[in-house]
Amino acid sequence: MKRYDFIIAGGGMAGLSLAYYLSQSPLRDRSILILDKENKSRNDRTWCFWEEQPGPFEPILYRKWNTVEFFGTTYQGLLDIGTYQYKMLRGIDFYDHLKHHLAQFPSIEIRQATVNRVKDTPQGGFVIADDEPYMADYVFDSTHALKLDQPENHNLLQHFKGWTITTEKPCFDPTRPCMMDFRVEQHNDCRFVYILPFDERTALVEYTIFNDQLLSDEEYETALRGYIDRFLDTGTYTIQEKEFGVIPMSDEPTTERAGRHVVRIGTSGGYTKPSTGYTFQRTQRYLHEIVQNLVRNGKPKRRKSWFRQGFKMYMDSVLLNVLQYHRHPADDVFTRLYQNNAPAQIFRFLDEDTTFAEDLKIMTTVPMGAFTIAAFDVIRKRVIRAYPDGIRPRNKHWLPGKA
Ligand SMILES: Cc1cc2nc3c(=O)[nH]c(=O)nc-3n(C[C@H](O)[C@H](O)[C@H](O)COP(=O)(O)OP(=O)(O)OC[C@H]3O[C@@H](n4cnc5c(N)ncnc54)[C@H](O)[C@@H]3O)c2cc1C
């Protein structure tokens with residue numbers, strides 16, 4: 001059986017990013033096997049994220065913008081994102097660039113194979129792919145499918161369908177992407193359109209919903225067509241590409257460390273920010289930390305502040321609770337967040353870079369009644385999660401009448 005230093009199960013965003021950081025580190029000569037069932041030759045997704053400094057994928061960004069537009073309930077206009085840039089990376093550019101980069105390292109091997117099994121053993125991480133067994137000191141797994149079905153947690157989905165369209169008339173401003181346009185029928189959910197303009201005649205227009213029910217293909221397309229006809233003066237238009245995606249928005253606990261030698265990464269590792277679905281930057285940050293620790297002490301551990309992360313997770317749960325139980329119209333919640341705070345501060349908040357005091361200040365700008373009810377309901381759900389059989393005194397002799 002062939003043994004490697006590291007096996008990366010799943011060569012998508014997280015897997016290839018991890019291989020990239022390893023290749024940039026003193027561990028670049030370690031033997032690394034990347035396994036993926038696909039050859040990653042399709043432009044299957046578009047990533048957007050914000051950053052203040054140039055990042056590792058700067059040369060392959062498709063577009064970047066210094067400002068973004070927002071259409072909410074009581075505010076419509078540009079958001080001042082300060083020193084941040086809103087960046088867009090096409091899936092295909094990322095896959096091509098990283099495969100090309102990794103090909104320079106003879107110790108890194110990419111193999112197209114379906115992973116059937118990942119298991120922790122005393123000797124290391126064990127993988128079976130296309131019936132071949134492999135061992136490694138550490139297996140980094142992004143192929144594990146999350147279940148996310150426990151009712152005491154909040155399990156929403158962010159689902160969206162987008163069209164890249166080319167229009168007859170110039171109708172886009174290429175300097176103004178639209179992060180959220182809530183001028184669409186809400187159907188008691190959270191629904192908005194997202195626009196990434198490439199030039200005056202070409203843009204990705206995406207219809208997005210946060211709820212727990214996927215739509216039929218026809219329903220997404222009717223909504224997209226309706227939005228384009230109503231708000232964009234396109235003349236005729238042609239659809240160049242289509243994108244569909246589902247991202248978990250869940251506070252269900254995930255297992256990042258699936259064993260001594262198995263670490264789950266990316267969506268499988270719970271790296272998605274529950275309240276927004278943004279995963280790209282968090283994954284870069286977490287993987288960078290894992291590689292730093294591997295270099296420093298040979299262990300793929302991430303430093304976690306339980307209080308800090310616990311509080312951030314609690315705030316995610318509260319927002320999910322407001323959305324899931326329709327405690328306040330979602331378009332108004334997001335409008336208040338962006339209108340009553342500096343948008344750059346909201347970016348920092350979503351990146352979990354704000355202090356406890358800053359978090360509390362931001363929390364005063366949301367609808368207080370709805371968020372207070374949600375805050376208590378989250379505590380109630382956490383208690384149920386911790387004590388599924390109810391809270392009972394440990395020593396039965398303490399019960400009245402049993403002394
Ligand atoms: C259409 C779309 C758009 C998105 N846009 C954004 C965005 O703008 N910003 C953002 O922050 N996040 C976004 N996300 C969320 C997230 O960033 C992506 O889903 C991201 O690709 C997750 O990275 P990952 O490595 O965890 O999963 P993936 O990139 O999906 O990688 C997993 C890999 O594992 C492989 N695989 C799965 N099962 C097996 C198996 N059994 N054997 C072998 N290989 C297997 C797959 O082929 C895939 O290559 C988007 C998601 C989607 C779907």
# chains A, B, ... in the order shown; residues from 1 in each chain; ligands from 1
>>> residues_near_ligand(ligand="ligand 1", cutoff="6 Å", atoms="only C-alpha atoms and all ligand atoms", output="PyMOL selection string")
chain A and resi 10-15+35-38+45-49+113-116+142-143+243-247+266-268+278-280
>>> write_last_selection(atoms="N, CA, C and O atoms", output="compact mmCIF listing (two decimals), in the first residue's frame")
# COMPACT_ATOMS: atom_id res chain seq x y z
N GLY A 10 -10.37 15.20 -2.05
CA GLY A 10 -11.18 16.29 -2.58
C GLY A 10 -10.29 17.44 -2.99
O GLY A 10 -9.73 18.14 -2.14
N GLY A 11 -10.13 17.62 -4.31
CA GLY A 11 -9.28 18.71 -4.81
C GLY A 11 -10.12 19.84 -5.34
O GLY A 11 -9.96 20.27 -6.48
N GLY A 12 -11.04 20.32 -4.51
CA GLY A 12 -11.83 21.51 -4.87
C GLY A 12 -11.19 22.73 -4.25
O GLY A 12 -9.95 22.82 -4.15
N MET A 13 -12.03 23.67 -3.81
CA MET A 13 -11.49 24.93 -3.30
C MET A 13 -10.57 24.71 -2.09
O MET A 13 -9.43 25.17 -2.07
N ALA A 14 -11.06 23.95 -1.08
CA ALA A 14 -10.26 23.79 0.13
C ALA A 14 -9.04 22.90 -0.14
O ALA A 14 -7.92 23.21 0.29
N GLY A 15 -9.25 21.79 -0.86
CA GLY A 15 -8.15 20.85 -1.09
C GLY A 15 -7.01 21.49 -1.87
O GLY A 15 -5.83 21.37 -1.48
N LEU A 35 -6.73 13.64 -4.27
CA LEU A 35 -7.68 12.76 -4.96
C LEU A 35 -8.98 13.51 -5.22
O LEU A 35 -9.54 14.13 -4.30
N ASP A 36 -9.44 13.49 -6.45
CA ASP A 36 -10.75 14.09 -6.74
C ASP A 36 -11.42 13.28 -7.84
O ASP A 36 -10.77 12.82 -8.77
N LYS A 37 -12.74 13.12 -7.70
CA LYS A 37 -13.46 12.32 -8.70
C LYS A 37 -13.61 13.08 -10.02
O LYS A 37 -13.89 12.48 -11.05
N GLU A 38 -13.45 14.41 -9.98
CA GLU A 38 -13.57 15.22 -11.21
C GLU A 38 -12.21 15.74 -11.62
O GLU A 38 -11.30 15.81 -10.80
N ARG A 45 -18.34 27.35 -10.51
CA ARG A 45 -18.76 28.32 -9.50
C ARG A 45 -17.96 29.61 -9.57
O ARG A 45 -16.87 29.65 -10.16
N THR A 46 -18.51 30.63 -8.95
CA THR A 46 -17.86 31.94 -8.88
C THR A 46 -17.71 32.27 -7.40
O THR A 46 -18.69 32.16 -6.67
N TRP A 47 -16.52 32.63 -6.99
CA TRP A 47 -16.36 33.03 -5.58
C TRP A 47 -16.24 34.53 -5.47
O TRP A 47 -15.46 35.15 -6.22
N CYS A 48 -16.95 35.12 -4.53
CA CYS A 48 -16.75 36.52 -4.19
C CYS A 48 -16.39 36.61 -2.73
O CYS A 48 -16.86 35.79 -1.91
N PHE A 49 -15.58 37.55 -2.41
CA PHE A 49 -15.14 37.76 -1.02
C PHE A 49 -14.56 39.16 -0.93
O PHE A 49 -14.36 39.81 -1.96
N ALA A 113 -9.84 10.11 -8.94
CA ALA A 113 -10.37 8.87 -8.37
C ALA A 113 -11.46 9.22 -7.37
O ALA A 113 -11.41 10.27 -6.72
N THR A 114 -12.42 8.33 -7.23
CA THR A 114 -13.50 8.56 -6.27
C THR A 114 -13.11 8.00 -4.91
O THR A 114 -12.71 6.83 -4.80
N VAL A 115 -13.19 8.84 -3.90
CA VAL A 115 -12.87 8.40 -2.54
C VAL A 115 -14.05 7.62 -2.00
O VAL A 115 -15.17 8.13 -1.93
N ASN A 116 -13.82 6.35 -1.63
CA ASN A 116 -14.90 5.53 -1.10
C ASN A 116 -14.89 5.50 0.43
O ASN A 116 -15.90 5.26 1.06
N SER A 142 -12.17 16.83 2.32
CA SER A 142 -13.26 17.79 1.99
C SER A 142 -14.37 17.09 1.22
O SER A 142 -15.19 17.74 0.58
N THR A 143 -14.39 15.75 1.27
CA THR A 143 -15.42 15.01 0.53
C THR A 143 -16.56 14.56 1.44
O THR A 143 -17.57 14.07 0.96
N GLU A 243 -25.34 29.21 -13.47
CA GLU A 243 -24.71 28.72 -12.23
C GLU A 243 -25.81 28.39 -11.24
O GLU A 243 -26.79 29.13 -11.11
N PHE A 244 -25.68 27.27 -10.58
CA PHE A 244 -26.64 26.93 -9.52
C PHE A 244 -25.83 26.48 -8.31
O PHE A 244 -24.81 25.79 -8.45
N GLY A 245 -26.26 26.85 -7.14
CA GLY A 245 -25.51 26.43 -5.96
C GLY A 245 -26.40 26.33 -4.73
O GLY A 245 -27.43 27.00 -4.63
N VAL A 246 -25.98 25.48 -3.81
CA VAL A 246 -26.64 25.37 -2.50
C VAL A 246 -25.54 25.38 -1.45
O VAL A 246 -24.59 24.59 -1.53
N ILE A 247 -25.65 26.27 -0.50
CA ILE A 247 -24.64 26.37 0.56
C ILE A 247 -25.36 26.20 1.90
O ILE A 247 -26.39 26.83 2.12
N GLY A 266 -12.74 22.74 4.65
CA GLY A 266 -13.74 23.34 3.75
C GLY A 266 -15.14 23.17 4.32
O GLY A 266 -15.35 23.12 5.53
N THR A 267 -16.11 23.04 3.43
CA THR A 267 -17.50 22.90 3.88
C THR A 267 -17.63 21.70 4.82
O THR A 267 -18.31 21.77 5.84
N SER A 268 -16.95 20.60 4.50
CA SER A 268 -17.01 19.39 5.34
C SER A 268 -16.52 19.66 6.76
O SER A 268 -16.95 19.00 7.71
N TYR A 278 -20.77 32.54 3.36
CA TYR A 278 -19.42 32.81 2.84
C TYR A 278 -18.44 31.78 3.40
O TYR A 278 -18.41 31.53 4.61
N THR A 279 -17.64 31.19 2.53
CA THR A 279 -16.74 30.10 2.93
C THR A 279 -15.31 30.34 2.45
O THR A 279 -14.35 29.85 3.05
N PHE A 280 -15.18 31.07 1.33
CA PHE A 280 -13.88 31.14 0.67
C PHE A 280 -12.80 31.71 1.58
O PHE A 280 -11.76 31.07 1.81
>>> residues_around(residues="stretch 51-62 of chain A", least_positions_apart="4", cutoff="6 Å", atoms="only C-alpha atoms", output="MDAnalysis selection string")
chainID A and resid 83:85 88:89
>>> residues_around(residues="A:Tyr220", least_positions_apart="3", cutoff="12 Å", atoms="only C-alpha atoms", output="PyMOL selection string")
chain A and resi 159-163+191-193+205-209+214-217+223-227+242-245
>>> write_last_selection(atoms="N, CA, C and O atoms", output="short mmCIF file (atom, residue, chain, number, x, y, z; two decimals), in the first residue's frame")
data_model
loop_
_atom_site.label_atom_id
_atom_site.label_comp_id
_atom_site.auth_asym_id
_atom_site.auth_seq_id
_atom_site.Cartn_x
_atom_site.Cartn_y
_atom_site.Cartn_z
N HIS A 159 -29.64 29.07 -1.43
CA HIS A 159 -29.67 28.46 -2.76
C HIS A 159 -29.90 29.53 -3.80
O HIS A 159 -30.60 30.52 -3.54
N PHE A 160 -29.26 29.34 -4.94
CA PHE A 160 -29.28 30.43 -5.92
C PHE A 160 -29.09 29.88 -7.32
O PHE A 160 -28.48 28.83 -7.53
N LYS A 161 -29.67 30.63 -8.24
CA LYS A 161 -29.42 30.32 -9.65
C LYS A 161 -29.03 31.62 -10.32
O LYS A 161 -29.65 32.67 -10.08
N GLY A 162 -27.99 31.57 -11.14
CA GLY A 162 -27.52 32.78 -11.81
C GLY A 162 -27.34 32.56 -13.29
O GLY A 162 -27.06 31.46 -13.74
N TRP A 163 -27.53 33.65 -14.03
CA TRP A 163 -27.25 33.63 -15.47
C TRP A 163 -26.20 34.69 -15.76
O TRP A 163 -26.31 35.82 -15.27
N ARG A 191 -35.08 36.91 0.19
CA ARG A 191 -34.79 36.71 -1.24
C ARG A 191 -34.19 38.00 -1.80
O ARG A 191 -34.68 39.09 -1.51
N PHE A 192 -33.18 37.85 -2.58
CA PHE A 192 -32.57 39.03 -3.20
C PHE A 192 -31.86 38.65 -4.49
O PHE A 192 -31.64 37.47 -4.76
N VAL A 193 -31.54 39.69 -5.26
CA VAL A 193 -30.76 39.46 -6.49
C VAL A 193 -29.39 40.07 -6.30
O VAL A 193 -29.22 41.08 -5.60
N VAL A 205 -26.15 37.65 -13.12
CA VAL A 205 -27.33 38.08 -12.35
C VAL A 205 -27.84 36.83 -11.62
O VAL A 205 -28.15 35.83 -12.26
N GLU A 206 -27.90 36.92 -10.29
CA GLU A 206 -28.17 35.70 -9.52
C GLU A 206 -29.36 35.92 -8.57
O GLU A 206 -29.39 36.91 -7.84
N TYR A 207 -30.31 35.00 -8.58
CA TYR A 207 -31.48 35.06 -7.70
C TYR A 207 -31.19 34.15 -6.51
O TYR A 207 -30.94 32.96 -6.68
N THR A 208 -31.21 34.71 -5.30
CA THR A 208 -30.74 33.99 -4.10
C THR A 208 -31.83 33.93 -3.03
O THR A 208 -32.53 34.92 -2.80
N ILE A 209 -31.93 32.79 -2.38
CA ILE A 209 -32.93 32.62 -1.30
C ILE A 209 -32.25 32.00 -0.08
O ILE A 209 -31.42 31.09 -0.22
N LEU A 214 -35.71 24.09 -1.56
CA LEU A 214 -35.22 24.43 -2.90
C LEU A 214 -36.41 24.66 -3.83
O LEU A 214 -37.49 24.12 -3.60
N LEU A 215 -36.21 25.46 -4.86
CA LEU A 215 -37.27 25.69 -5.85
C LEU A 215 -37.05 24.76 -7.04
O LEU A 215 -35.99 24.14 -7.17
N SER A 216 -38.03 24.71 -7.92
CA SER A 216 -37.81 23.99 -9.18
C SER A 216 -36.99 24.91 -10.08
O SER A 216 -36.97 26.14 -9.89
N ASP A 217 -36.36 24.32 -11.07
CA ASP A 217 -35.56 25.09 -12.01
C ASP A 217 -36.37 26.22 -12.63
O ASP A 217 -35.89 27.35 -12.76
N ALA A 223 -38.21 33.81 -11.79
CA ALA A 223 -37.84 34.95 -10.93
C ALA A 223 -36.72 35.77 -11.59
O ALA A 223 -36.75 37.00 -11.57
N LEU A 224 -35.76 35.09 -12.17
CA LEU A 224 -34.65 35.81 -12.83
C LEU A 224 -35.18 36.63 -14.01
O LEU A 224 -34.84 37.81 -14.15
N ARG A 225 -36.02 36.00 -14.82
CA ARG A 225 -36.57 36.67 -16.00
C ARG A 225 -37.38 37.90 -15.55
O ARG A 225 -37.25 38.98 -16.11
N GLY A 226 -38.16 37.70 -14.49
CA GLY A 226 -39.00 38.78 -13.97
C GLY A 226 -38.14 39.96 -13.51
O GLY A 226 -38.45 41.12 -13.80
N TYR A 227 -37.05 39.66 -12.81
CA TYR A 227 -36.19 40.73 -12.30
C TYR A 227 -35.55 41.50 -13.47
O TYR A 227 -35.55 42.73 -13.50
N LYS A 242 -24.74 29.40 -16.99
CA LYS A 242 -25.68 29.29 -15.86
C LYS A 242 -24.92 28.78 -14.65
O LYS A 242 -23.98 27.99 -14.80
N GLU A 243 -25.34 29.21 -13.47
CA GLU A 243 -24.71 28.72 -12.23
C GLU A 243 -25.81 28.39 -11.24
O GLU A 243 -26.79 29.13 -11.11
N PHE A 244 -25.68 27.27 -10.58
CA PHE A 244 -26.64 26.93 -9.52
C PHE A 244 -25.83 26.48 -8.31
O PHE A 244 -24.81 25.79 -8.45
N GLY A 245 -26.26 26.85 -7.14
CA GLY A 245 -25.51 26.43 -5.96
C GLY A 245 -26.40 26.33 -4.73
O GLY A 245 -27.43 27.00 -4.63
#
>>> residues_around(residues="A:Leu27", least_positions_apart="3", cutoff="10 Å", atoms="only C-alpha atoms", output="JSON, numbers by chain")
{"A": [5, 21, 22, 23, 24, 30, 31, 32, 291, 294, 295, 298]}
>>> write_last_selection(atoms="all heavy atoms", output="short mmCIF file (atom, residue, chain, number, x, y, z; two decimals), in the first residue's frame")
data_model
loop_
_atom_site.label_atom_id
_atom_site.label_comp_id
_atom_site.auth_asym_id
_atom_site.auth_seq_id
_atom_site.Cartn_x
_atom_site.Cartn_y
_atom_site.Cartn_z
N ASP A 5 2.96 11.49 2.97
CA ASP A 5 2.93 12.33 4.18
C ASP A 5 1.52 12.87 4.38
O ASP A 5 0.98 12.80 5.47
CB ASP A 5 3.93 13.49 4.03
CG ASP A 5 5.37 12.99 4.09
OD1 ASP A 5 5.66 12.16 4.98
OD2 ASP A 5 6.19 13.39 3.24
N TYR A 21 -0.88 26.17 -0.05
CA TYR A 21 -0.17 26.68 1.14
C TYR A 21 0.97 25.76 1.54
O TYR A 21 2.02 26.22 1.97
CB TYR A 21 -1.13 26.90 2.31
CG TYR A 21 -2.11 28.04 2.06
CD1 TYR A 21 -3.48 27.83 2.07
CD2 TYR A 21 -1.64 29.32 1.76
CE1 TYR A 21 -4.35 28.87 1.80
CE2 TYR A 21 -2.50 30.36 1.49
CZ TYR A 21 -3.87 30.13 1.51
OH TYR A 21 -4.73 31.15 1.24
N LEU A 22 0.76 24.45 1.38
CA LEU A 22 1.86 23.51 1.69
C LEU A 22 3.02 23.75 0.73
O LEU A 22 4.19 23.75 1.12
CB LEU A 22 1.37 22.06 1.59
CG LEU A 22 0.46 21.59 2.73
CD1 LEU A 22 -0.22 20.26 2.38
CD2 LEU A 22 1.23 21.45 4.04
N SER A 23 2.68 23.99 -0.55
CA SER A 23 3.75 24.18 -1.55
C SER A 23 4.52 25.47 -1.31
O SER A 23 5.63 25.63 -1.79
CB SER A 23 3.15 24.19 -2.96
OG SER A 23 2.53 25.44 -3.22
N GLN A 24 3.92 26.41 -0.59
CA GLN A 24 4.57 27.69 -0.28
C GLN A 24 5.32 27.63 1.04
O GLN A 24 5.85 28.63 1.48
CB GLN A 24 3.54 28.82 -0.20
CG GLN A 24 2.76 29.05 -1.47
CD GLN A 24 3.64 29.52 -2.61
OE1 GLN A 24 4.04 28.71 -3.45
NE2 GLN A 24 4.01 30.77 -2.62
N ARG A 30 7.34 17.42 0.98
CA ARG A 30 6.63 16.25 1.53
C ARG A 30 5.78 15.62 0.43
O ARG A 30 5.29 16.32 -0.46
CB ARG A 30 5.71 16.67 2.69
CG ARG A 30 6.44 17.27 3.86
CD ARG A 30 7.32 16.24 4.55
NE ARG A 30 8.04 16.83 5.65
CZ ARG A 30 7.56 16.94 6.89
NH1 ARG A 30 6.36 16.49 7.17
NH2 ARG A 30 8.29 17.50 7.82
N SER A 31 5.59 14.30 0.55
CA SER A 31 4.78 13.63 -0.48
C SER A 31 3.30 13.91 -0.22
O SER A 31 2.81 13.73 0.91
CB SER A 31 5.07 12.14 -0.47
OG SER A 31 4.83 11.61 0.81
N ILE A 32 2.63 14.40 -1.25
CA ILE A 32 1.22 14.79 -1.10
C ILE A 32 0.42 14.17 -2.26
O ILE A 32 0.81 14.30 -3.42
CB ILE A 32 1.07 16.33 -1.16
CG1 ILE A 32 1.89 17.00 -0.05
CG2 ILE A 32 -0.41 16.74 -1.07
CD1 ILE A 32 1.98 18.50 -0.15
N VAL A 291 -1.43 25.01 8.19
CA VAL A 291 -0.09 24.81 7.63
C VAL A 291 0.97 25.41 8.54
O VAL A 291 2.01 24.80 8.79
CB VAL A 291 0.00 25.36 6.17
CG1 VAL A 291 1.42 25.34 5.66
CG2 VAL A 291 -0.92 24.55 5.25
N LEU A 294 1.50 22.96 11.25
CA LEU A 294 2.23 21.78 10.76
C LEU A 294 3.72 22.09 10.67
O LEU A 294 4.56 21.26 11.02
CB LEU A 294 1.72 21.38 9.36
CG LEU A 294 0.52 20.45 9.30
CD1 LEU A 294 0.04 20.32 7.85
CD2 LEU A 294 0.86 19.07 9.86
N VAL A 295 4.02 23.29 10.21
CA VAL A 295 5.43 23.68 10.08
C VAL A 295 6.06 23.83 11.47
O VAL A 295 7.15 23.34 11.74
CB VAL A 295 5.56 25.02 9.29
CG1 VAL A 295 6.97 25.57 9.36
CG2 VAL A 295 5.11 24.83 7.86
N GLY A 298 4.41 20.19 13.66
CA GLY A 298 4.05 18.92 13.02
C GLY A 298 2.61 18.51 13.22
O GLY A 298 2.22 17.41 12.84
#
>>> select_by_dssp(residues="stretch 27-237 of chain A", states="alpha helix (DSSP H)", output="list in words")
Gly91, Ile92, Asp93, Phe94, Tyr95, Asp96, His97, Leu98, Lys99, His100, His101, Leu102, Asp217, Glu218, Glu219, Tyr220, Glu221, Thr222, Ala223, Leu224, Arg225, Gly226, Tyr227, Ile228, Asp229, Arg230 and Phe231 of chain A
>>> residues_around(residues="stretch 347-364 of chain A", least_positions_apart="3", cutoff="9 Å", atoms="only C-alpha atoms", output="MDAnalysis selection string")
chainID A and resid 50 81 84 273 275:276 278 281:282 308:309 311:312 315 337 340:344 367:368 371
>>> residues_around(residues="A:Arg385", least_positions_apart="6", cutoff="12 Å", atoms="only C-alpha atoms", output="PDB file with C-alpha atoms, in the first residue's frame")
ATOM      1  CA  GLN A 150     -31.193  17.794  13.668  1.00  0.00           C
ATOM      2  CA  PRO A 151     -34.322  19.815  14.516  1.00  0.00           C
ATOM      3  CA  GLU A 152     -32.792  21.444  17.616  1.00  0.00           C
ATOM      4  CA  ASN A 153     -30.361  23.288  15.345  1.00  0.00           C
ATOM      5  CA  HIS A 154     -31.035  25.888  12.680  1.00  0.00           C
ATOM      6  CA  ASP A 251     -25.289  26.003  13.310  1.00  0.00           C
ATOM      7  CA  GLU A 252     -25.246  22.230  13.665  1.00  0.00           C
ATOM      8  CA  PRO A 253     -21.913  21.276  15.252  1.00  0.00           C
ATOM      9  CA  VAL A 378     -31.346  29.898  20.872  1.00  0.00           C
ATOM     10  CA  ILE A 379     -30.477  29.378  24.548  1.00  0.00           C
ATOM     11  CA  ILE A 391     -32.344  18.065  33.004  1.00  0.00           C
TER      12      ILE A 391
END
>>> closest_residue(among="A:Met179, A:Leu196, A:Ile265, A:Ile228", to="A:Ala145", atoms="only C-alpha atoms")
A:Ile265
>>> residues_around(residues="A:Ala136", least_positions_apart="6", cutoff="9 Å", atoms="only C-alpha atoms", output="list in words")
Lys2, Arg3, Tyr4, Asp5, Phe6, Ile7, Ile32, Gln123, Gly124, Gly125, Phe126, Val127 and His261 of chain A
>>> write_last_selection(atoms="all heavy atoms", output="short mmCIF file (atom, residue, chain, number, x, y, z; two decimals), in the first residue's frame")
data_model
loop_
_atom_site.label_atom_id
_atom_site.label_comp_id
_atom_site.auth_asym_id
_atom_site.auth_seq_id
_atom_site.Cartn_x
_atom_site.Cartn_y
_atom_site.Cartn_z
N LYS A 2 0.52 2.21 -0.86
CA LYS A 2 1.39 3.39 -0.95
C LYS A 2 1.13 4.35 0.22
O LYS A 2 -0.01 4.58 0.59
CB LYS A 2 1.13 4.10 -2.30
CG LYS A 2 2.15 5.13 -2.58
CD LYS A 2 2.58 5.19 -4.03
CE LYS A 2 3.74 6.18 -4.10
NZ LYS A 2 3.72 7.03 -5.24
N ARG A 3 2.22 4.86 0.78
CA ARG A 3 2.08 5.77 1.91
C ARG A 3 2.59 7.18 1.53
O ARG A 3 3.62 7.31 0.86
CB ARG A 3 2.86 5.23 3.11
CG ARG A 3 2.62 6.08 4.34
CD ARG A 3 3.08 5.50 5.64
NE ARG A 3 2.70 6.46 6.67
CZ ARG A 3 1.92 6.21 7.68
NH1 ARG A 3 1.44 5.00 7.88
NH2 ARG A 3 1.61 7.15 8.55
N TYR A 4 1.85 8.18 1.97
CA TYR A 4 2.22 9.58 1.71
C TYR A 4 2.35 10.31 3.04
O TYR A 4 1.85 9.86 4.06
CB TYR A 4 1.12 10.27 0.88
CG TYR A 4 0.98 9.72 -0.52
CD1 TYR A 4 0.23 8.57 -0.76
CD2 TYR A 4 1.60 10.35 -1.60
CE1 TYR A 4 0.11 8.07 -2.03
CE2 TYR A 4 1.48 9.84 -2.88
CZ TYR A 4 0.74 8.71 -3.10
OH TYR A 4 0.63 8.20 -4.37
N ASP A 5 2.96 11.49 2.97
CA ASP A 5 2.93 12.33 4.18
C ASP A 5 1.52 12.87 4.38
O ASP A 5 0.98 12.80 5.47
CB ASP A 5 3.93 13.49 4.03
CG ASP A 5 5.37 12.99 4.09
OD1 ASP A 5 5.66 12.16 4.98
OD2 ASP A 5 6.19 13.39 3.24
N PHE A 6 0.96 13.41 3.29
CA PHE A 6 -0.40 13.98 3.39
C PHE A 6 -1.26 13.50 2.22
O PHE A 6 -0.78 13.49 1.07
CB PHE A 6 -0.37 15.52 3.33
CG PHE A 6 0.58 16.15 4.32
CD1 PHE A 6 1.60 16.98 3.88
CD2 PHE A 6 0.45 15.91 5.68
CE1 PHE A 6 2.48 17.58 4.77
CE2 PHE A 6 1.33 16.49 6.59
CZ PHE A 6 2.34 17.32 6.14
N ILE A 7 -2.48 13.12 2.52
CA ILE A 7 -3.46 12.87 1.45
C ILE A 7 -4.53 13.94 1.56
O ILE A 7 -5.04 14.22 2.66
CB ILE A 7 -4.10 11.47 1.56
CG1 ILE A 7 -3.04 10.39 1.29
CG2 ILE A 7 -5.25 11.33 0.57
CD1 ILE A 7 -3.56 8.97 1.46
N ILE A 32 2.63 14.40 -1.25
CA ILE A 32 1.22 14.79 -1.10
C ILE A 32 0.42 14.17 -2.26
O ILE A 32 0.81 14.30 -3.42
CB ILE A 32 1.07 16.33 -1.16
CG1 ILE A 32 1.89 17.00 -0.05
CG2 ILE A 32 -0.41 16.74 -1.07
CD1 ILE A 32 1.98 18.50 -0.15
N GLN A 123 -2.12 3.69 12.76
CA GLN A 123 -0.92 3.89 11.93
C GLN A 123 -0.99 5.15 11.08
O GLN A 123 -0.01 5.54 10.46
CB GLN A 123 -0.70 2.70 10.97
CG GLN A 123 -0.34 1.39 11.62
CD GLN A 123 -1.55 0.73 12.26
OE1 GLN A 123 -2.66 0.81 11.75
NE2 GLN A 123 -1.34 0.10 13.42
N GLY A 124 -2.16 5.77 10.99
CA GLY A 124 -2.29 6.97 10.16
C GLY A 124 -3.67 7.05 9.55
O GLY A 124 -4.56 6.26 9.88
N GLY A 125 -3.85 8.00 8.64
CA GLY A 125 -5.14 8.13 7.95
C GLY A 125 -5.19 7.14 6.80
O GLY A 125 -4.22 7.02 6.04
N PHE A 126 -6.31 6.44 6.68
CA PHE A 126 -6.43 5.39 5.66
C PHE A 126 -7.52 5.82 4.67
O PHE A 126 -8.60 6.28 5.08
CB PHE A 126 -6.82 4.09 6.37
CG PHE A 126 -7.13 2.97 5.46
CD1 PHE A 126 -6.14 2.35 4.72
CD2 PHE A 126 -8.44 2.50 5.33
CE1 PHE A 126 -6.43 1.28 3.88
CE2 PHE A 126 -8.74 1.43 4.49
CZ PHE A 126 -7.72 0.83 3.76
N VAL A 127 -7.22 5.68 3.38
CA VAL A 127 -8.18 6.09 2.35
C VAL A 127 -8.31 4.98 1.32
O VAL A 127 -7.31 4.36 0.94
CB VAL A 127 -7.67 7.38 1.63
CG1 VAL A 127 -8.61 7.77 0.48
CG2 VAL A 127 -7.55 8.54 2.61
N HIS A 261 -5.62 11.31 12.84
CA HIS A 261 -4.93 11.53 11.58
C HIS A 261 -5.86 12.02 10.47
O HIS A 261 -5.48 12.00 9.30
CB HIS A 261 -4.25 10.22 11.11
CG HIS A 261 -3.37 9.62 12.15
ND1 HIS A 261 -3.78 8.61 12.99
CD2 HIS A 261 -2.11 9.92 12.50
CE1 HIS A 261 -2.80 8.29 13.81
NE2 HIS A 261 -1.77 9.08 13.55
#
>>> atom_distance(atom1="atom CA of A:Ala9", atom2="atom CA of A:Glu109")
12.0 Å
>>> closest_residue(among="A:Thr121, A:Lys299, A:Glu69, A:Asp212", to="A:Ile195", atoms="only C-alpha atoms")
A:Glu69
>>> atom_distance(atom1="atom CA of A:Phe334", atom2="atom CA of A:Trp65")
20.9 Å
>>> atom_distance(atom1="atom CA of A:Lys40", atom2="atom CA of A:Tyr95")
6.3 Å
>>> closest_residue(among="A:Leu156, A:Leu98, A:Ile384, A:Leu287", to="A:Asp189", atoms="only C-alpha atoms")
A:Leu156
>>> closest_residue(among="A:Leu323, A:Val366, A:Ile8, A:Ala19", to="A:Gln339", atoms="only C-alpha atoms")
A:Val366
>>> closest_residue(among="A:Ala386, A:Cys171, A:Leu319, A:Ala103", to="A:Ala374", atoms="only C-alpha atoms")
A:Leu319
